[in-house]
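Below: one structure, written as structure tokens.
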Amino acid sequence: MKRRFSLHHFSLQQRLPLLICILLLSVIFLFSLTAYVAVRKSATTIGKDRLRSLSDQLSSMLSQSASSQVLSARVTAENKELKAFLVGEKNAADTSAVMNSLRAARVDSTYAEINLVDKNGNILLRSGSASVSKQATIDTLVKLALGKDSVRIGKLRLANDTMFYPIISLVRDNAHLLGFVIRWRVLKSTPQANQQLSMLLGTNAAIYIGNDDGSLWTDMIKPVKSLPVDTLSKHEFFDYTNHARQPVIAAVRAIPATRWLVLVELSEESMMAAAAIFFKWVIVIGIVFTIVGIVTTWILSRNITRPLEELTAAATAIAGGDYSQHVPLDRKDEIGKLARAFNAMSVRVVNSQKDLEGKVQERTERLEDLNKELEAFSYSVSHDLRAPLRAIGGYAVILKEDYIDVLDKEGNRIIDRIIANGKRMGMLIDDLLQFSRLGRKELSQQSINMRQLVEPVVNELLHDIKGKKPKIEVLNIPDTHGDATLLRQVWENLISNAIKYSSKKDDAVITIGGNTLGDDVSYFVRDNGVGFDMKYYYKLFGVFQRLHSQESFEGTGIGLALAKRIIDKHNGKLHAEAVQGEGATFSFTLPKYN
Amino acid sequence: MDLNDVEILLVEDSPEDAEMTIRTLRKKNLANKLVHVEDGAAALDFLFNRGEYAGRTGHGRPKLILLDIKMPKIDGIEVLRQVKANEATKMIPVVMMTSSNEDKDIVASYQFGVNSYVVKPVNFDDFSKAIGELGLYWLITNRGID
């Protein structure tokens with residue numbers, strides 16, 4: 001069977017800390033989550049601000065550098081010899097002078113090549129070698145440069161692992177386009193310069209420069225794989241995973257006067273470092289809080305449940321009959337109140353128990369006294385009645401004997417009635433005496449072989465019958481414990497009753513038997529005699545109560561009362577069932593052991 | 001009647017019981033030498049020749065004492081005790097003739113050496129039968145000391 005989780009499975013002692021633990025954990029969890037989210041948000045904001053300002057700074061820095069290059073390019077484009085060369089005849093002397101000025105414009109090794117191009121895009125002169133100055137490239141550049149600013153920095157191009165970028169300046173004579181000067185410069189930053197830059201940026205930041213169409217990206221030392229940034233989108237920030245597989249946030253800026261973009265990358269981890277530290281601390285503090293909370297509530301609940309346990313133990317002891325319980329709890333709180341009430345109650349219980357015991361004792365003694373008095377009274381009454389009764393009977397006999405000649409027939413009849421009633425009263429008194437003596441008699445306990453007890457009774461009673469004898473069957477009779485003399489009396493009364501009340505039947509049958517029922521043994525005497533009306537059952541076992549007239553069946557009516565009293569004394573039960581005219585069954589049960 | 005030649009001493013406070021007892025014994029011809037006293041004190045006076053019976057000589061002690069228990073002055077048990085405690089009288093058979101069926105009386109009687117204990121039947125027929133048998137037994141059937 002599934003056991004559903006429920007707080008009721010836990011003791012009070014466990015329940016309180018558990019509840020506090022759950023409460024603390026949920027509060028700490030909610031608080032941490034909210035705080036963490038807020039801290040993260042603010043960290044992101046701070047990070048993005050930093051990115052924005054960094055990228056702005058870089059963009060303007062690079063833009064300045066571009067401007068200075070543009071400026072120097074414009075100076076070259078204003079060269080008169082160069083203009084003259086583009087306009088006039090191209091002789092050898094001019095060519096060499098122009099070449100010289102072109103060479104002079106290549107101030108350092110980063111200026112890999114300078115091309116002089118006519119307005120149709122044909123390369124006229126070439127100084128240096130950058131291996132990117134293909135005619136097709138030049139054509140594209142020229143086409144783009146037409147109608148734009150006089151000087152322009154073009155897209156980065158890769159050739160033989162070297163990155164070049166063109167600085168295109170238009171050569172004009174007044175407003176008239178003569179041609180172009182295209183400088184090819186190598187993009188190469190030194191590791192020192194990069195280090196300085198990263199110091200400026202701070203750790204975990206990276207800078208990339210790329211073309212505005214996203215065609216080439218570089219970390220300014222070497223080309224890098226293309227970055228997952230949509231250069232055409234208006235978004236300011238981009239989230240992606242960088243080459244080192246770290247989640248990053250990047251800001252992209254166009255560099256004015258160029259076709260370049262600058263991208264600053266900041267790892268999310270570094271941005272969230274503060275949030276992560278905060279989170280760690282929150283967890284640590286949360287755990288500490290939870291532990292402190294659990295320990296405190298454990299102690300608290302122990303403080304409550306321990307006295308409760310003491311009270312429970314005391315109450316259990318009282319329930320078990322030990323009334324000397326006192327719970328020593330000197331507290332001012334509710335538990336103290338409970339303990340005081342409990343102690344007061346236990347004192348009262350003890351007192352009322354004593355009172356009760358005393359009263360029971362007193363009443364029992366009184367009852368016993370009364371009972372003794374009653375027994376003594378009934379005994380002495382029946383005893384004291386004997387002497388005068390004997391005298392009445394005796395003198396009647398004497399009268400009859402001595403004055404038989406004097407008395408007439410009626411006188412004799414009256415004397416006979418006196419004698420007969422005297423006899424009957426004598427019998428009643430003897431029965432009453434026997435009955436009252438039984439009340440005072442101590443019961444003896446011995447094991448009894450019932451068959452040996454019953455069979456002699458049956459034989460004696462059969463022997464005493466003068467007329468037709470009934471058929472008496474003795475079936476199985478279990479043994480028992482009890483007072484043999486008294487139980488013999490019971491059998492005698494029941495069997496003699498059965499004989500008496502079936503004496504008028506032609507085929508009188510009396511059955512005697514018994515069986516064992518658990519801890520009881522039961523016996524019965526059944527006859528097919530006249531029976532009795534169950535309506536008068538309540539009178540059956542009363543002293544001197546008779547359900548038949550003296551004329552039809554003789555008797556004083558003491559037999560069943562006596563039998564019942566004996567069975568009662570054995571803690572047994574005597575009962576009867578009968579159908580008028582068909583017979584009666586008297587049965588009694590006795591406990592196997594008294 | 002010669003008080004020095006008594007066969008039965010009947011100690012009985014009930015005149016009716018006494019009369020019926022005497023009548024029964026007389027019918028058996030056993031009551032010729034019977035003395036009836038009505039209480040224990042008189043019985044002891046008679047047996048020990050004191051008071052009213054001071055002139056009696058000790059030789060004529062009865063062959064049988066029929067003793068009731070419940071009597072005024074000194075009761076039957078006390079009479080029995082004194083009779084059985086005295087060398088001169090302790091050989092006399094004493095029969096308790098009483099209405100008492102109480103165990104304590106029976107036990108006390110036997111403890112003091114009663115020779116027989118008879119509960120008087122309430123029925124007169126049974127009563128006279130018992131008295132008759134008892135008189136015959138103790139005076140005729142039983143062999144006592146002369």
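By convention in this document, the chains of the structure tokens carry letters A, B, ... by their order, each chain's residues are numbered from 1, and ligands are numbered from 1 in the order they are shown.
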
Residues of chain B within 8 Å of chain A, only C-alpha atoms counted, as JSON, numbers by chain: {"B": [16, 17, 20, 99, 100, 121, 122, 123, 124, 125]}

Contacts of Lys539 (chain A) at 12 Å (only C-alpha atoms; same-chain gap of 3+ positions) as a ChimeraX atom specification: /A:532-536,542-548,557-558,560-561,576

Residue set, region 5-234 of chain A restricted to alpha helix (DSSP H), as a ChimeraX atom specification: /A:12-77,80-87,92-105,135-145,191-201

Length of the CA of Leu12 (chain A) to CA of Ser301 (chain A) vector [Å]: 7.3 Å

Shell of 10 Å around region 510-521 of chain A, only C-alpha atoms, local chain residues under 2 positions omitted, as a ChimeraX atom specification: /A:450-451,454,458,470-481,491,495,498-499,502,507-508,523-529,572,583-593

Separation of CA of Ile209 (chain A) from CA of Val262 (chain A) in Å: 4.6 Å

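Reported to one decimal place, the separation of CA of Ala130 (chain B) from CA of Val118 (chain B) is 8.3 Å.
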
Which residue of B:Leu34, B:Leu64, B:Val11, B:Val119 approaches Tyr137 (chain B) most closely, using only C-alpha atoms: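 Closest residue, counting only C-alpha atoms: B:Leu64.
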